[in-house]
Amino acid sequence: MKFDVLTLFPEMFESLNESVLGRAIEKDLIDINLINIRDFSKDKHKKVDDTPYGGGAGMVMRPDVVYDAYKSVYKPNARVIYMTPQGKKLDQQKVESLSKEQHLIILCGHYEGIDQRVIDEINPEEISIGDYVLTGGELPAMVLIDSVSRYVEGVLNEESTSEESFSTGLLEYPQYTRPEVFENREVPEVLKSGHHENIRKWRRAESLKNTYNKRPELLKDVELSDEDKKLLNDMN
Ligand SMILES: C[S@@+](CC[C@H](N)C(=O)[O-])C[C@H]1O[C@@H](n2cnc3c(N)ncnc32)[C@H](O)[C@@H]1O
């Protein structure tokens, strides 16, 4: 999958070269192409922003410079996304659907944002990472790239994503590793039993318990078996 990222701060994306994503880049499973919007400024000082019409604080990114940067990577089959706090909130469903694409173009705003005319011209899908305002779209773009890349074939083994929080509609069960005893707290016996069916049942029950205690509103969208319903009844 190819990500073209339009940004004023390409250096911020260096952290994506680490860990799982770093390996995915090395194996050519994902390609992150950073386009510095400033390179498209025709101004001799490479200016990319200006004061807002109508007055007010801060600077606004110029439409012509952003548009030229966008045109340099645009392809008809690309899905174009603008990271903005005004967009639809990112969730696991959206992440999984984006991971099926071959080419994402991600536009990052900065300062007070981007001149509305270029947003209207490009007509991107607007995505937010939450109801708070950050200084720029770079961190949100990294959140999007990281979450989407995990679902690109070959980046993780399928088991890692099929049971984790949100993929089944529930939160995941608790995880344990060595040592067997830590500060007098023991690993649950069933996980050491090697009995796959009992482990599956325990994990399902813990998943339900976690969801019930931490995010009960998620339960209304989950298909529950009779066994699940009985477990939830016992929790009430
Ligand atoms: C300071 S913000 C501009 C906020 C804008 N003036 C407003 O009130 O809606 C600068 C840039 O950061 C990005 N940004 C900030 N918060 C975000 C969020 N929660 N999700 C996605 N992008 C965000 C956007 O690209 C935005 O253009």
# chains A, B, ... in the order shown; residues from 1 in each chain; ligands from 1

call {"tool": "residues_near_ligand", "arguments": {"ligand": "ligand 1", "cutoff": "8 Å", "atoms": "only C-alpha atoms and all ligand atoms", "output": "ChimeraX atom specification"}}
result
/A:82-87,89,107-114,127-141

call {"tool": "write_last_selection", "arguments": {"atoms": "N, CA and C atoms", "output": "PDB file, in the first residue's frame"}}
result
ATOM      1  N   TYR A  82      -8.239  14.264   4.233  1.00  0.00           N
ATOM      2  CA  TYR A  82      -7.744  15.460   4.929  1.00  0.00           C
ATOM      3  C   TYR A  82      -7.913  15.222   6.417  1.00  0.00           C
ATOM      4  N   MET A  83      -6.806  15.264   7.177  1.00  0.00           N
ATOM      5  CA  MET A  83      -6.876  15.103   8.627  1.00  0.00           C
ATOM      6  C   MET A  83      -7.359  16.430   9.214  1.00  0.00           C
ATOM      7  N   THR A  84      -8.495  16.406   9.880  1.00  0.00           N
ATOM      8  CA  THR A  84      -9.060  17.634  10.450  1.00  0.00           C
ATOM      9  C   THR A  84      -9.919  17.302  11.659  1.00  0.00           C
ATOM     10  N   PRO A  85      -9.892  18.159  12.697  1.00  0.00           N
ATOM     11  CA  PRO A  85     -10.752  17.873  13.859  1.00  0.00           C
ATOM     12  C   PRO A  85     -12.236  17.938  13.501  1.00  0.00           C
ATOM     13  N   GLN A  86     -12.543  18.487  12.310  1.00  0.00           N
ATOM     14  CA  GLN A  86     -13.952  18.605  11.902  1.00  0.00           C
ATOM     15  C   GLN A  86     -14.441  17.355  11.169  1.00  0.00           C
ATOM     16  N   GLY A  87     -13.536  16.378  10.962  1.00  0.00           N
ATOM     17  CA  GLY A  87     -13.906  15.191  10.190  1.00  0.00           C
ATOM     18  C   GLY A  87     -14.635  14.144  11.015  1.00  0.00           C
ATOM     19  N   LYS A  89     -14.952  10.836  13.096  1.00  0.00           N
ATOM     20  CA  LYS A  89     -13.956  10.260  14.005  1.00  0.00           C
ATOM     21  C   LYS A  89     -13.488   8.877  13.510  1.00  0.00           C
ATOM     22  N   LEU A 107      -3.598  14.563   3.491  1.00  0.00           N
ATOM     23  CA  LEU A 107      -3.259  15.987   3.577  1.00  0.00           C
ATOM     24  C   LEU A 107      -3.249  16.419   5.045  1.00  0.00           C
ATOM     25  N   CYS A 108      -2.113  17.022   5.463  1.00  0.00           N
ATOM     26  CA  CYS A 108      -1.981  17.501   6.843  1.00  0.00           C
ATOM     27  C   CYS A 108      -2.043  19.033   6.862  1.00  0.00           C
ATOM     28  N   GLY A 109      -2.953  19.575   7.632  1.00  0.00           N
ATOM     29  CA  GLY A 109      -2.994  21.021   7.820  1.00  0.00           C
ATOM     30  C   GLY A 109      -2.040  21.419   8.933  1.00  0.00           C
ATOM     31  N   HIS A 110      -1.815  22.711   9.077  1.00  0.00           N
ATOM     32  CA  HIS A 110      -1.018  23.241  10.186  1.00  0.00           C
ATOM     33  C   HIS A 110      -1.504  24.664  10.444  1.00  0.00           C
ATOM     34  N   TYR A 111      -1.000  25.283  11.516  1.00  0.00           N
ATOM     35  CA  TYR A 111      -1.407  26.668  11.872  1.00  0.00           C
ATOM     36  C   TYR A 111      -2.930  26.699  12.076  1.00  0.00           C
ATOM     37  N   GLU A 112      -3.621  27.682  11.468  1.00  0.00           N
ATOM     38  CA  GLU A 112      -5.082  27.760  11.642  1.00  0.00           C
ATOM     39  C   GLU A 112      -5.825  26.799  10.712  1.00  0.00           C
ATOM     40  N   GLY A 113      -5.073  26.171   9.828  1.00  0.00           N
ATOM     41  CA  GLY A 113      -5.697  25.246   8.880  1.00  0.00           C
ATOM     42  C   GLY A 113      -5.388  25.657   7.450  1.00  0.00           C
ATOM     43  N   ILE A 114      -6.219  25.173   6.520  1.00  0.00           N
ATOM     44  CA  ILE A 114      -5.970  25.343   5.076  1.00  0.00           C
ATOM     45  C   ILE A 114      -7.107  26.162   4.467  1.00  0.00           C
ATOM     46  N   ILE A 127     -11.177  13.257   8.049  1.00  0.00           N
ATOM     47  CA  ILE A 127     -11.080  12.322   9.179  1.00  0.00           C
ATOM     48  C   ILE A 127     -10.420  13.009  10.366  1.00  0.00           C
ATOM     49  N   SER A 128     -11.028  12.796  11.532  1.00  0.00           N
ATOM     50  CA  SER A 128     -10.494  13.332  12.797  1.00  0.00           C
ATOM     51  C   SER A 128      -9.997  12.166  13.646  1.00  0.00           C
ATOM     52  N   ILE A 129      -9.016  12.420  14.522  1.00  0.00           N
ATOM     53  CA  ILE A 129      -8.639  11.335  15.445  1.00  0.00           C
ATOM     54  C   ILE A 129      -9.250  11.552  16.825  1.00  0.00           C
ATOM     55  N   GLY A 130     -10.089  12.559  16.994  1.00  0.00           N
ATOM     56  CA  GLY A 130     -10.759  12.751  18.275  1.00  0.00           C
ATOM     57  C   GLY A 130     -11.176  14.199  18.454  1.00  0.00           C
ATOM     58  N   ASP A 131     -12.042  14.419  19.403  1.00  0.00           N
ATOM     59  CA  ASP A 131     -12.594  15.761  19.625  1.00  0.00           C
ATOM     60  C   ASP A 131     -11.666  16.617  20.468  1.00  0.00           C
ATOM     61  N   TYR A 132     -10.519  16.967  19.916  1.00  0.00           N
ATOM     62  CA  TYR A 132      -9.566  17.896  20.517  1.00  0.00           C
ATOM     63  C   TYR A 132      -8.745  18.442  19.360  1.00  0.00           C
ATOM     64  N   VAL A 133      -8.090  19.576  19.591  1.00  0.00           N
ATOM     65  CA  VAL A 133      -7.372  20.213  18.475  1.00  0.00           C
ATOM     66  C   VAL A 133      -5.864  20.111  18.707  1.00  0.00           C
ATOM     67  N   LEU A 134      -5.173  19.593  17.697  1.00  0.00           N
ATOM     68  CA  LEU A 134      -3.710  19.483  17.740  1.00  0.00           C
ATOM     69  C   LEU A 134      -3.114  20.601  16.892  1.00  0.00           C
ATOM     70  N   THR A 135      -1.794  20.786  16.998  1.00  0.00           N
ATOM     71  CA  THR A 135      -1.179  21.886  16.245  1.00  0.00           C
ATOM     72  C   THR A 135      -1.114  21.590  14.748  1.00  0.00           C
ATOM     73  N   GLY A 136      -1.117  20.311  14.372  1.00  0.00           N
ATOM     74  CA  GLY A 136      -1.024  19.987  12.955  1.00  0.00           C
ATOM     75  C   GLY A 136      -1.585  18.612  12.666  1.00  0.00           C
ATOM     76  N   GLY A 137      -1.707  18.310  11.393  1.00  0.00           N
ATOM     77  CA  GLY A 137      -2.265  17.019  10.976  1.00  0.00           C
ATOM     78  C   GLY A 137      -1.232  15.904  10.941  1.00  0.00           C
ATOM     79  N   GLU A 138       0.026  16.204  11.337  1.00  0.00           N
ATOM     80  CA  GLU A 138       1.081  15.192  11.218  1.00  0.00           C
ATOM     81  C   GLU A 138       0.851  14.023  12.184  1.00  0.00           C
ATOM     82  N   LEU A 139       0.590  14.335  13.466  1.00  0.00           N
ATOM     83  CA  LEU A 139       0.348  13.231  14.414  1.00  0.00           C
ATOM     84  C   LEU A 139      -0.908  12.445  14.009  1.00  0.00           C
ATOM     85  N   PRO A 140      -2.015  13.123  13.668  1.00  0.00           N
ATOM     86  CA  PRO A 140      -3.177  12.353  13.185  1.00  0.00           C
ATOM     87  C   PRO A 140      -2.849  11.492  11.967  1.00  0.00           C
ATOM     88  N   ALA A 141      -2.051  12.005  11.026  1.00  0.00           N
ATOM     89  CA  ALA A 141      -1.696  11.202   9.837  1.00  0.00           C
ATOM     90  C   ALA A 141      -0.896   9.974  10.272  1.00  0.00           C
TER      91      ALA A 141
END

call {"tool": "select_by_dssp", "arguments": {"residues": "region 35-192 of chain A", "states": "strand (DSSP E)", "output": "number ranges by chain"}}
result
A: 35-36, 49-50, 60-61, 79-89, 103-108, 125-128, 181-182, 185-186

call {"tool": "residues_around", "arguments": {"residues": "region 59-68 of chain A", "least_positions_apart": "5", "cutoff": "10 Å", "atoms": "only C-alpha atoms", "output": "PyMOL selection string"}}
result
chain A and resi 6-8+36-43+46-53+73-74+107-119+121-122

call {"tool": "closest_atom_pairs", "arguments": {"of": "region 144-204 of chain A", "to": "region 211-226 of chain A", "cutoff": "12 Å", "atoms": "only C-alpha atoms", "output": "CSV"}}
result
residue,atom,partner,partner_atom,distance
A:Ser165,CA,A:Thr211,CA,9.3
A:Phe166,CA,A:Leu218,CA,8.8
A:Ser167,CA,A:Val222,CA,10.7
A:Thr168,CA,A:Val222,CA,7.7
A:Gly169,CA,A:Val222,CA,5.7
A:Leu170,CA,A:Thr211,CA,5.9
A:Leu171,CA,A:Thr211,CA,5.3
A:Glu172,CA,A:Thr211,CA,8.1
A:Tyr173,CA,A:Thr211,CA,9.1
A:Pro174,CA,A:Thr211,CA,11.4
A:Arg204,CA,A:Thr211,CA,10.6

call {"tool": "select_by_dssp", "arguments": {"residues": "region 113-216 of chain A", "states": "helix (DSSP H, G or I)", "output": "MDAnalysis selection string"}}
result
chainID A and resid 116:122 138:149 158:162 189:192 196:214 216

call {"tool": "decode", "arguments": {"residues": "region 91-102 of chain A", "atoms": "N, CA and C atoms", "output": "short mmCIF file (atom, residue, chain, number, x, y, z; two decimals), in the first residue's frame"}}
result
data_model
loop_
_atom_site.label_atom_id
_atom_site.label_comp_id
_atom_site.auth_asym_id
_atom_site.auth_seq_id
_atom_site.Cartn_x
_atom_site.Cartn_y
_atom_site.Cartn_z
N ASP A 91 -12.36 5.17 13.46
CA ASP A 91 -12.59 3.99 14.30
C ASP A 91 -12.08 2.75 13.55
N GLN A 92 -12.18 1.61 14.23
CA GLN A 92 -11.59 0.38 13.68
C GLN A 92 -12.22 -0.02 12.35
N GLN A 93 -13.52 0.24 12.21
CA GLN A 93 -14.20 -0.10 10.95
C GLN A 93 -13.60 0.69 9.79
N LYS A 94 -13.39 1.97 10.02
CA LYS A 94 -12.80 2.84 8.99
C LYS A 94 -11.37 2.39 8.70
N VAL A 95 -10.62 2.07 9.75
CA VAL A 95 -9.23 1.61 9.58
C VAL A 95 -9.21 0.38 8.66
N GLU A 96 -10.08 -0.59 8.96
CA GLU A 96 -10.08 -1.82 8.16
C GLU A 96 -10.48 -1.54 6.72
N SER A 97 -11.43 -0.64 6.52
CA SER A 97 -11.85 -0.36 5.15
C SER A 97 -10.73 0.37 4.40
N LEU A 98 -10.02 1.27 5.04
CA LEU A 98 -8.92 1.97 4.36
C LEU A 98 -7.77 1.02 4.01
N SER A 99 -7.61 -0.03 4.83
CA SER A 99 -6.49 -0.95 4.58
C SER A 99 -6.68 -1.75 3.28
N LYS A 100 -7.90 -1.73 2.74
CA LYS A 100 -8.16 -2.45 1.47
C LYS A 100 -7.74 -1.61 0.26
N GLU A 101 -7.43 -0.34 0.48
CA GLU A 101 -7.05 0.54 -0.64
C GLU A 101 -5.60 0.27 -1.05
N GLN A 102 -5.27 0.67 -2.27
CA GLN A 102 -3.89 0.55 -2.75
C GLN A 102 -3.11 1.84 -2.54
#
